[in-house]
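Engineer: Below you'll find the structure I mean.
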Amino acid sequence: MSRGGHKAVKDDLVEIVEDAGERPLRTAEDLPKWRVLIVDDEREVHSATLFALKDLIIAGRPLEFFHAYSAVEARGAMENTPGIAVVLLDVVMEKDDAGLQLVRAIRDDLGCADTRIILRTGQPGYAPELEVIRDYDINDYKTKSELTRTRLVTSLTTAIRSYEQIRMVLESERGMDRIVRSAPALLARRNLASFAEGALRQLAELLDDDGADAVFCVPRAPAAGGQDTAPWYVAAAMGGHARHAGCNVDDIRDEGLTDALAQCRKSGGWLHANRGMTLCVGDGENRALIYMQTRRPLGDFERRLAEVLSVSIAVGLENVALFQKLNFFAYFDPLSQLPNRANFISKIDECIRRGEKGWTVAVIDVDHFSDINAALGHQTGDQLLKAVANRLRAGFPAEMTLARVSGGTFGLLGPDGALDPEQVLALFERPSVVDGQSLMIQPYIGLERLAEAEGSGADVLKNATIALSRAKSERREHWQYFTRDMQIATQQRLSLLHDLRHAAEAKRGLSLHYQPQVDIASGTVIGAEALMRWKNDRGENIPPYRFIPVAEYSHLIIELGEWVLRSACEQLRDWDRAGHAGLRMSVNVSPAQFRDPNFVGMARRCILGFGIDPGRIELEITESMALTEAETVVETLHRMKGFGVSIAVDDFGSGFSSLGHLHQLPLNRLKIDRAFVSDLSAGSSGATIAEMIVKLGRMLGLAVIAEGVETGEQLDALRRMGCQEVQGFYFSPPVPAGEFPALLKKTL
Ligand code: C2E
Ligand code: MG
Ligand code: MG
């Protein structure tokens, strides 16, 4: 690179053609000549100098002479001839100090710092002052008489050596500057191939050989644990090696190249062999091997520059690896190594764009995953997720897109025919062994067919998730396909929940109505069922069958239920105080409330807080809750019963009764479901079931109440069966608290 690099010089180069196919190597004679400018107003001095320096070779290179006969001419020559190594300058020319003026011009005006200057003068009296010699960086000052041939050659040799050194320093500064300036551009490259290519280009530029044959090799996958086992491949290549791009290094049929790479990989650092330079860059997981052909031996400082560049490349490599990792985390779940939610959505989007109609999206949920996580610990939870991922991976062909969508939920995307929910379920028939424990995984699946889908990938995923929650809440089938009415229902539920939450916070629009419960034998009101009412901000009465499930699903029911119990207890106390003593109060309780660990304490404080005998409070639980819920519910029931509270099973007969189980529950009353009461005509199934329930109650020592009694006939039938109590429109619909006392005067 210190070869002048100028056109005029290059044109002079004699290129010797070596063997065919190889680019020629330069010999010493090809090297550019040292340019020497002779400035003197005496022609004889020019010819004497030429004669004295004829055929001189300095540092392996010949000389080339330029001539100027005045300071003005010399300035012109300096301007037009780049790369002048030395100026042999006469001090006294057109003016006494013309030479010194020229020195100032060369240094200050032309900014030529590298050119060496040897001052010559005929008159000793014209010697420049020391400051001038120092300030203008003059190499030598000689009177012409002193300058014998030998002295001239020595002086010139010293000057040229120092010129070369200065050039080297300047070039290396420029090279450093180039590295420093180009580093950000290189470091900005995020993709390995583009980064590797950029690195090769920079190295080539630094070595002044744009067309060099070069390769940039890295291990195929980051070597795990720093172990050097992954095959290396060519991430970028140029010049004659361009054809190797993408190849494994082991497959390259070029012994010179592969030997150099293998040697450098072993030794690390820097290697100059096989007509090229090989660099081992970076360390640990982020290593690269760079080979670049060099057409000449590299100088020390070029080597140093290459080393500096290699540091910059190592940093870049690390950046690329980091970026790739970040990219991985942005689109993959590190635990299961599967695409994540964002990635899954973009895959569905792609499918929609391609117009793939015959495809299906499924979301698969590990039932009770969060319970498992909480009970067995996160580590086991993680193992379980991996086990699920592995089952799904093994169970479907590779074309099927598998993803982890969230916590315990996975996604599948594939052709309709290949994505059969029953097939997914079949994968989990055998238990999984996780952390030495055998766990039965019960997946629920929600699906949507792209043929029926509208909107984006995110919408499809949302719909499949809606179908999934439907499957989970109904628990009839383990899978459901999405349908339009699910969506409408969901949207309505969401806005309803929003409004309900506001109502619960502000205690606005919520109230209780009370429906009398009547003793058939005496025909008098013995109690009331508290039923929640909600009028939203738009003045609409929202029926319980719409808002109760939403409140249950969102767990808002815990807050609402507490309010109901408190209000009902307060009401009972007020009636007591008003002289309507001894009434029983039935309050509906949802499973979510029963699972809340604070429930028992809350209920106690509430009941005792209003000074009410716990035996006058009856909690209504649903049959499904009584029968299918876990031990916690049974335990809560026992604690409440122990406290003295009465327990009734609401809507009895509609669930799947297990008499054995029912026997173990601490119950007081069975409430015959309205469905059977509505059809009590002789011989009907409703009548048969109602009768059975009454008998069952008698057997188990439980009282029986019938709800939804609308007619006198129904009442008579129930009375005949031996049912003790009734509740229904026949006697009274649920009424606001203020209207209730009037009903106490009424009889059946
Ligand atoms: P439920 O506990 O079975 O309440 C009885 C339902 O039957 C009430 O409906 C009541 O108005 C209605 N009903 C009473 N007599 C008749 C009749 O003769 N004919 C007909 N067709 N219906 C009658 P409501 O008030 O709409 O409540 C519906 C359900 O909402 C309740 O069923 C209960 O499960 C739930 N619910 C109401 N309030 C609460 C509450 O405070 N907490 C909880 N967790 N659930 C509640
Ligand atoms: Mg009820
Ligand atoms: Mg009921």
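In the structure tokens, chains take the letters A, B, ... in the order shown, each chain's residues start at 1, and ligands count up from 1 in the order shown.
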To check your reading of the model: which residues sit at most 6 Å from ligand 1 when counting only C-alpha atoms and all ligand atoms? Write the answer as a list in words.

Structural biologist: Leu531, Met532, Pro543, Pro544, Tyr545, Gly561, Val564, Asn588, Val589, Ser590, Asp651, Gly708, Val709, Glu710, Gly728, Phe729, Pro733 and Pro734 of chain A

Engineer: Output all heavy atoms for every residue in the selection just made, as a short mmCIF file (atom, residue, chain, number, x, y, z; two decimals), in the first residue's frame.

Structural biologist:
```cif
data_model
loop_
_atom_site.label_atom_id
_atom_site.label_comp_id
_atom_site.auth_asym_id
_atom_site.auth_seq_id
_atom_site.Cartn_x
_atom_site.Cartn_y
_atom_site.Cartn_z
N LEU A 531 -81.62 -12.94 45.18
CA LEU A 531 -81.22 -13.06 43.78
C LEU A 531 -80.71 -11.72 43.28
O LEU A 531 -81.37 -10.69 43.45
CB LEU A 531 -82.41 -13.55 42.94
CG LEU A 531 -82.85 -14.98 43.28
CD1 LEU A 531 -84.31 -15.22 42.85
CD2 LEU A 531 -81.93 -16.00 42.62
N MET A 532 -79.57 -11.76 42.65
CA MET A 532 -78.92 -10.53 42.23
C MET A 532 -79.63 -9.92 41.03
O MET A 532 -80.03 -10.63 40.11
CB MET A 532 -77.46 -10.81 41.88
CG MET A 532 -76.53 -9.71 42.39
SD MET A 532 -74.87 -9.86 41.79
CE MET A 532 -74.47 -11.54 42.08
N PRO A 543 -80.20 -9.80 32.74
CA PRO A 543 -80.61 -10.97 33.53
C PRO A 543 -79.41 -11.74 34.08
O PRO A 543 -78.36 -11.77 33.45
CB PRO A 543 -81.40 -11.82 32.53
CG PRO A 543 -80.97 -11.35 31.19
CD PRO A 543 -80.51 -9.94 31.32
N PRO A 544 -79.56 -12.37 35.25
CA PRO A 544 -78.45 -13.11 35.87
C PRO A 544 -77.83 -14.17 34.95
O PRO A 544 -76.64 -14.40 35.00
CB PRO A 544 -79.09 -13.77 37.08
CG PRO A 544 -80.24 -12.90 37.41
CD PRO A 544 -80.75 -12.36 36.11
N TYR A 545 -78.67 -14.81 34.12
CA TYR A 545 -78.08 -15.86 33.29
C TYR A 545 -77.05 -15.29 32.33
O TYR A 545 -76.21 -16.02 31.81
CB TYR A 545 -79.15 -16.68 32.55
CG TYR A 545 -79.77 -15.99 31.33
CD1 TYR A 545 -79.13 -16.07 30.09
CD2 TYR A 545 -80.96 -15.27 31.43
CE1 TYR A 545 -79.67 -15.44 28.97
CE2 TYR A 545 -81.49 -14.64 30.33
CZ TYR A 545 -80.86 -14.72 29.12
OH TYR A 545 -81.38 -14.10 28.01
N GLY A 561 -70.11 -11.71 45.19
CA GLY A 561 -70.72 -12.66 46.12
C GLY A 561 -70.63 -12.18 47.56
O GLY A 561 -71.56 -12.38 48.35
N VAL A 564 -73.26 -9.68 48.00
CA VAL A 564 -74.58 -10.31 48.09
C VAL A 564 -74.82 -10.84 49.51
O VAL A 564 -75.85 -10.56 50.13
CB VAL A 564 -74.72 -11.46 47.06
CG1 VAL A 564 -75.99 -12.28 47.34
CG2 VAL A 564 -74.74 -10.92 45.63
N ASN A 588 -77.04 -17.73 46.88
CA ASN A 588 -76.35 -18.56 45.88
C ASN A 588 -74.84 -18.35 45.95
O ASN A 588 -74.38 -17.20 46.04
CB ASN A 588 -76.84 -18.23 44.48
CG ASN A 588 -78.31 -18.58 44.30
OD1 ASN A 588 -78.66 -19.74 44.12
ND2 ASN A 588 -79.18 -17.57 44.38
N VAL A 589 -74.08 -19.44 45.89
CA VAL A 589 -72.63 -19.33 45.95
C VAL A 589 -72.01 -20.07 44.76
O VAL A 589 -72.36 -21.21 44.48
CB VAL A 589 -72.08 -19.93 47.26
CG1 VAL A 589 -70.56 -19.79 47.31
CG2 VAL A 589 -72.71 -19.25 48.46
N SER A 590 -71.12 -19.38 44.06
CA SER A 590 -70.47 -19.97 42.88
C SER A 590 -69.23 -20.77 43.28
O SER A 590 -68.63 -20.50 44.31
CB SER A 590 -70.01 -18.87 41.92
OG SER A 590 -71.11 -18.21 41.42
N ASP A 651 -80.74 -26.63 41.82
CA ASP A 651 -80.94 -27.26 40.51
C ASP A 651 -80.68 -28.76 40.55
O ASP A 651 -80.08 -29.33 39.63
CB ASP A 651 -80.01 -26.62 39.45
CG ASP A 651 -80.17 -25.10 39.39
OD1 ASP A 651 -81.25 -24.62 39.78
OD2 ASP A 651 -79.22 -24.41 38.97
N GLY A 708 -89.48 -22.93 40.92
CA GLY A 708 -90.14 -22.72 39.64
C GLY A 708 -91.57 -23.23 39.62
O GLY A 708 -92.08 -23.64 38.56
N VAL A 709 -92.20 -23.22 40.76
CA VAL A 709 -93.59 -23.66 40.81
C VAL A 709 -94.48 -22.53 40.32
O VAL A 709 -94.52 -21.46 40.93
CB VAL A 709 -93.98 -24.08 42.26
CG1 VAL A 709 -95.45 -24.53 42.31
CG2 VAL A 709 -93.06 -25.17 42.76
N GLU A 710 -95.16 -22.77 39.21
CA GLU A 710 -95.93 -21.69 38.58
C GLU A 710 -97.43 -21.89 38.68
O GLU A 710 -98.20 -20.95 38.49
CB GLU A 710 -95.52 -21.57 37.11
CG GLU A 710 -94.05 -21.13 36.96
CD GLU A 710 -93.61 -20.99 35.52
OE1 GLU A 710 -94.36 -21.37 34.61
OE2 GLU A 710 -92.49 -20.50 35.30
N GLY A 728 -91.68 -20.13 43.78
CA GLY A 728 -92.01 -19.95 42.37
C GLY A 728 -93.02 -18.85 42.14
O GLY A 728 -93.55 -18.27 43.09
N PHE A 729 -93.26 -18.57 40.85
CA PHE A 729 -94.15 -17.47 40.49
C PHE A 729 -95.58 -17.68 41.00
O PHE A 729 -96.33 -16.73 41.16
CB PHE A 729 -94.19 -17.30 38.95
CG PHE A 729 -92.87 -16.85 38.36
CD1 PHE A 729 -92.66 -16.90 36.98
CD2 PHE A 729 -91.85 -16.36 39.18
CE1 PHE A 729 -91.46 -16.47 36.43
CE2 PHE A 729 -90.64 -15.95 38.63
CZ PHE A 729 -90.43 -16.01 37.26
N PRO A 733 -93.07 -13.92 42.35
CA PRO A 733 -91.75 -13.79 41.71
C PRO A 733 -90.81 -13.13 42.71
O PRO A 733 -91.25 -12.65 43.75
CB PRO A 733 -92.03 -12.87 40.53
CG PRO A 733 -93.19 -12.04 40.95
CD PRO A 733 -94.04 -12.90 41.87
N PRO A 734 -89.52 -13.11 42.39
CA PRO A 734 -88.60 -12.37 43.26
C PRO A 734 -89.03 -10.91 43.27
O PRO A 734 -89.41 -10.36 42.24
CB PRO A 734 -87.24 -12.54 42.57
CG PRO A 734 -87.38 -13.73 41.67
CD PRO A 734 -88.81 -13.73 41.24
#
```

Engineer: With only C-alpha atoms as the counted atoms, please give the residues lying no more than 10 Å from Asp283 in chain A, apart from itself and same-chain residues fewer than 5 positions off, as a list in words.

Structural biologist: Gly226, Gly268, Ala288, Ala314, Leu317 and Glu318 of chain A

Engineer: Could you pull out the residues sitting within 9 Å of ligand 2, using only C-alpha atoms and all ligand atoms, and write them as a list of chain:residue names?

Structural biologist: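 If we count only C-alpha atoms and all ligand atoms, the neighbours of ligand 2 turn out to be A:Glu529, A:Ala530, A:Leu531, A:Ser586, A:Val587, A:Asn588, A:Val589, A:Leu619, A:Glu620, A:Ile621, A:Thr622, A:Ala648, A:Val649, A:Asp650, A:Asp651, A:Lys671, A:Glu707.
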
Engineer: So, with only C-alpha atoms as the atoms that count, which of A:Asp679, A:Asp574, A:Glu618, A:Glu635 lies closest to Gly738 in chain A?

Structural biologist: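 Result for the nearest residue to Gly738 in chain A: A:Asp574.
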
Engineer: Any idea what's packed within 9 Å of Glu559 in chain A, counting only C-alpha atoms, ignoring anything in its chain fewer than 4 positions away? Could you give it as an NGL selection string?

Structural biologist: :A and (504 or 555 or 563-564 or 593)

Engineer: So, with only C-alpha atoms and all ligand atoms as the atoms that count, which of A:Gly99, A:Gly653, A:Gly686, A:Pro741 lies closest to ligand 3?

Structural biologist: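 Of the candidates, the smallest distance to ligand 3 is held by A:Gly653.
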
Engineer: Report, in Å to a single decimal, how far apart CA of Ala85 in chain A and CA of Ala212 in chain A are.

Structural biologist: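 A separation of 28.8 Å between them.
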